Amino acid sequence: MELKQLFEAYAIIALAAIIAGVYTVYQFFFSPLARIPGPFIAKISPTYYTFIAKRGRIHRDLANLHRKYGKAVRIAPNVLSVIDPTAFREIYKAGNRFWKAESYSVLQGSRPFDLAGQRNEKIHSEQRKLVARAYSMDSITYLEPQVNSVLVSLVNRLRGIRAQPIDLGYWIQLFAFDTIGAISFSKPFGYVESGDDERIFLRLRKAFRCIGWIKHSSTLFKVHQRLMPYIGNWLASNDRNTYFFELASKEIQARTNRDGDFKDIVSQLFSVQKAKPEFNDTNLAFMMTTNVFAGSDTTSTSLRAIFYLLLKYPEKYNRLMEELESKRQAGELSNPVTFNEAEAWPYLQAIMYEATRLYPAVCDLLDRDVPEGGMTIDRYYVPGGVVVGTSAWVIHRAQEIWGPDAEEFRPERWLEKENEGTMKRFFFSFGGGSRTCIGRHISWLEIGKLVPTLLMCFDMRLANGAELKEEHGTLLFLDGLEVYMTPREV
Ligand code: HEM
């Protein structure tokens, strides 16, 4: 190499080192977030956030970070994880000043109708109004017979299984997926009947896993999408808007071709179409894609957590069985248990809240952009444009809110009226504000019916050494719910 070339190479390296040095000094001493604590690497590179999102235990990583650094932690140069109660309330209160952050654009892709991924609050609010009724409490009675049919076939199938212990978690997931088919298209997918998911759960999990990290690398995502015609699809996250969209579209078409008086979400959305033609077929298909994509793993995680905790703590199980017995004696117990009956069981409701508090199905930060004018978090001023978010897993364990026993499974806390208001304000399993989960009544319907119905029909015992294995990728997945189930006389 000639001297001149050598000199040029050194000059380039020196320049790069100076730029990196200036950037690092800026992030550490002059950035508006410079005073907010966090891991060294997180202050200078977004790869730290992507890394913890990808390794599958972000909920526990974030909890550890908050234990070490306090109520606000800088987890990327421009991103803060927050568990300060006042700031939490400000970010997620009803109203829509805090828009969803850039990470959601990866989720949305090119979908024109996407409640979960839509960042523009005005468009979101118009879209949500169109479909809200179909998911409201009023719809629950209308949809309940669909849930009954899947629940009855689940109980019958479980009664027939001789090999013990049973992977109850898997059967619960089959139930949750079939129920989404039943309430959406009046047609369960037939997974409970066959006892097999045709590997669709793995496909869903891969897509969620991928979304979990790629959403923090939106540039990489955009480059991939551009190159896709040449390099093919390398991202399972794209399944959401392709494979699952096609699945939903096919089911809508099949449902349209069948005759009958259907009581399902599609029929309610057809009525919306008549009144509002702008809600076209593609929009309807995208909405149904969300049902298929977001409606089953979430419910199944919650159910797995409920059964695991109930079976792990026999005194809670026994207390719930006493409630069941008293309802039976009062003649207030149907088979399957009805939604209205379940709503009137205080201890059952307490268990549902408590288990989903400890194991929220979504434990990621729900990222939001700080609006113009900024905000104060803990003792720090945070300017507009910074991304802030809270993880349900972490805020649900904050002793300041839940007391010194925050980590304990204690359903009784939900029966203490004096704390009820605070607990409900910080209960974050279904998100918050204008972006609260639209499907929460549906999942509460499923959970409220399935838990007491199974307890009524089976004696259950956790298999020796059964422990939940956690994996996080957009959602929290819980494996390992092995249970001995003995049919009871009903
Ligand atoms: C236990 C079960 C469920 C849990 C824990 C859950 C959790 C959540 C959470 C935390 C959000 C807020 C996400 C964010 O702010 O980024 C959300 C939004 C959403 N969920 Fe659920 N979900 C559940 C069941 C369902 C079901 C059954 C459906 C559909 C049938 C559904 C559809 C949606 C939709 C469409 C949104 C976006 C709402 C909006 O932004 O307007 N979810 N869910």
# chains A, B, ... in the order shown; residues from 1 in each chain; ligands from 1
call {"tool": "residues_near_ligand", "arguments": {"ligand": "ligand 1", "cutoff": "6 Å", "atoms": "only C-alpha atoms and all ligand atoms", "output": "number ranges by chain"}}
result
A: 115-116, 128, 290-291, 294-295, 298-299, 302, 360-362, 366, 429-431, 435-440, 442-443
call {"tool": "select_by_dssp", "arguments": {"residues": "range 204-376 of chain A", "states": "strand (DSSP E)", "output": "list of chain:residue names"}}
result
A:Arg368, A:Asp369, A:Met375, A:Thr376
call {"tool": "closest_residue", "arguments": {"among": "A:Ala350, A:Met321, A:Ile401, A:Val388", "to": "Phe458 in chain A", "atoms": "only C-alpha atoms"}}
result
A:Met321
call {"tool": "residues_around", "arguments": {"residues": "Ala305 in chain A", "least_positions_apart": "5", "cutoff": "8 Å", "atoms": "only C-alpha atoms", "output": "list in words"}}
result
Ala355, Thr356, Tyr359 and Leu478 of chain A
call {"tool": "residues_around", "arguments": {"residues": "Phe262 in chain A", "least_positions_apart": "4", "cutoff": "10 Å", "atoms": "only C-alpha atoms", "output": "list of chain:residue names"}}
result
A:Leu143, A:Gln146, A:Ile183, A:Phe185, A:Ser186, A:Arg255, A:Arg258, A:Val266, A:Ser267, A:Gln268
call {"tool": "select_by_dssp", "arguments": {"residues": "range 345-386 of chain A", "states": "helix (DSSP H, G or I)", "output": "JSON, numbers by chain"}}
result
{"A": [346, 347, 348, 349, 350, 351, 352, 353, 354, 355, 356, 357, 358]}
call {"tool": "closest_residue", "arguments": {"among": "A:His66, A:Arg488, A:Lys43, A:Arg304", "to": "Ile447 in chain A", "atoms": "only C-alpha atoms"}}
result
A:Arg304
